[in-house]
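Here the structure is laid out as structure tokens; the discussion comes afterwards.
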Amino acid sequence: MKRILLTLLLLFGTCTVAVAVDLNDGIAAFQSEDYATALAKLTKAAEAGNVDAQGRLASMYAVGHSVPQDFVQAYKWFNIAASTATDKEERDRSVRNRDLVSGKMTPNQITEAQRLAREWKPKK
């Protein structure tokens with residue numbers, strides 16, 4: 001039993017470290033204007049469930065920074081970040097940003113974004 005617990009702890013700890021590395025690499029790439037790498041790293045971290053990466057990725061889609069502007073993807077990622085954030089301030093910021101983006105969307109786009117967010121599952 002102890003062996004199984006130790007294995008699980010090591011496995012989850014490694015996953016968390018890998019996600020943090022992707023987030024940090026994505027931020028560094030964005031700051032150095034390597035937007036292709038930033039998009040890849042932030043997407044990977046966001047898909048793994050990192051709330052910070054989800055918010056940053058949503059912002060990129062919202063303003064079209066290094067990606068085509070896509071309000072559906074922005075809303076989806078802000079919505080996911082809001083629903084997974086454990087910090088109240090971070091959750092409130094994601095909700096505010098999601099609501100700002102929704103003001104630029106059609107009802108059909110909002111429905112699609114909500115569906116995508118609802119169907120999202122973190123990738124490990």
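Identifiers for the structure tokens are assigned positionally: chains receive A, B, ... in sequence, residues are indexed from 1 per chain, and ligands are indexed from 1 in the order shown.
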Inset, instruction - Could you give me, as JSON, numbers by chain, the residues within 9 Å of stretch 58-72 of chain A, counting only C-alpha atoms and dropping anything in the same chain fewer than 5 positions from it? - result: {"A": [35, 36, 39, 53, 77, 78, 81, 97, 98, 101, 102, 104, 105, 109, 110, 112, 113, 114, 116]}
Inset, instruction - Based on DSSP run over this structure's backbone, return all residues of stretch 15-118 of chain A in helix (DSSP H, G or I), as a PyMOL selection string. - result: chain A and resi 15-31+35-47+51-63+71-84+88-102+107-118
Inset, instruction - Quick one: pull the distance between atom CA of A:Asp25 and atom CA of A:Gln73, Å, one decimal. - result: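 Separation between atom CA of A:Asp25 and atom CA of A:Gln73: 21.6 Å.
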Legend entry - Residue contacts of stretch 87-95 of chain A (9 Å, only C-alpha atoms) excluding same-chain residues fewer than 4 positions away, as a list in words: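 Final neighbour list, sorted by chain and number: Val51, Asp52, Gly55, Trp77, Phe78, Asn79, Ile80, Ala81, Ala82, Ser83, Asp99 and Leu100 of chain A.
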Legend entry - Nearest residue to A:Ala48 from the set A:Asp34, A:Asp22, A:Thr106, A:Ala28 (distances using only C-alpha atoms):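 Selected residue with least distance to A:Ala48: A:Asp22.
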Legend entry - Proximity to A:Ala45 - best of A:Ser32, A:Val21, A:Asn108, A:Tyr75, only C-alpha atoms: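 Closest to A:Ala45 of all the choices is A:Val21.
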Legend entry - Distance in Å - atom CA of A:Pro107 versus atom CA of A:Thr86: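 Going from atom CA of A:Pro107 over to atom CA of A:Thr86, I get 28.6 Å.
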Legend entry - Point-to-point distance in Å for atom CA of A:Arg56 and atom CA of A:Asn24: 11.7 Å
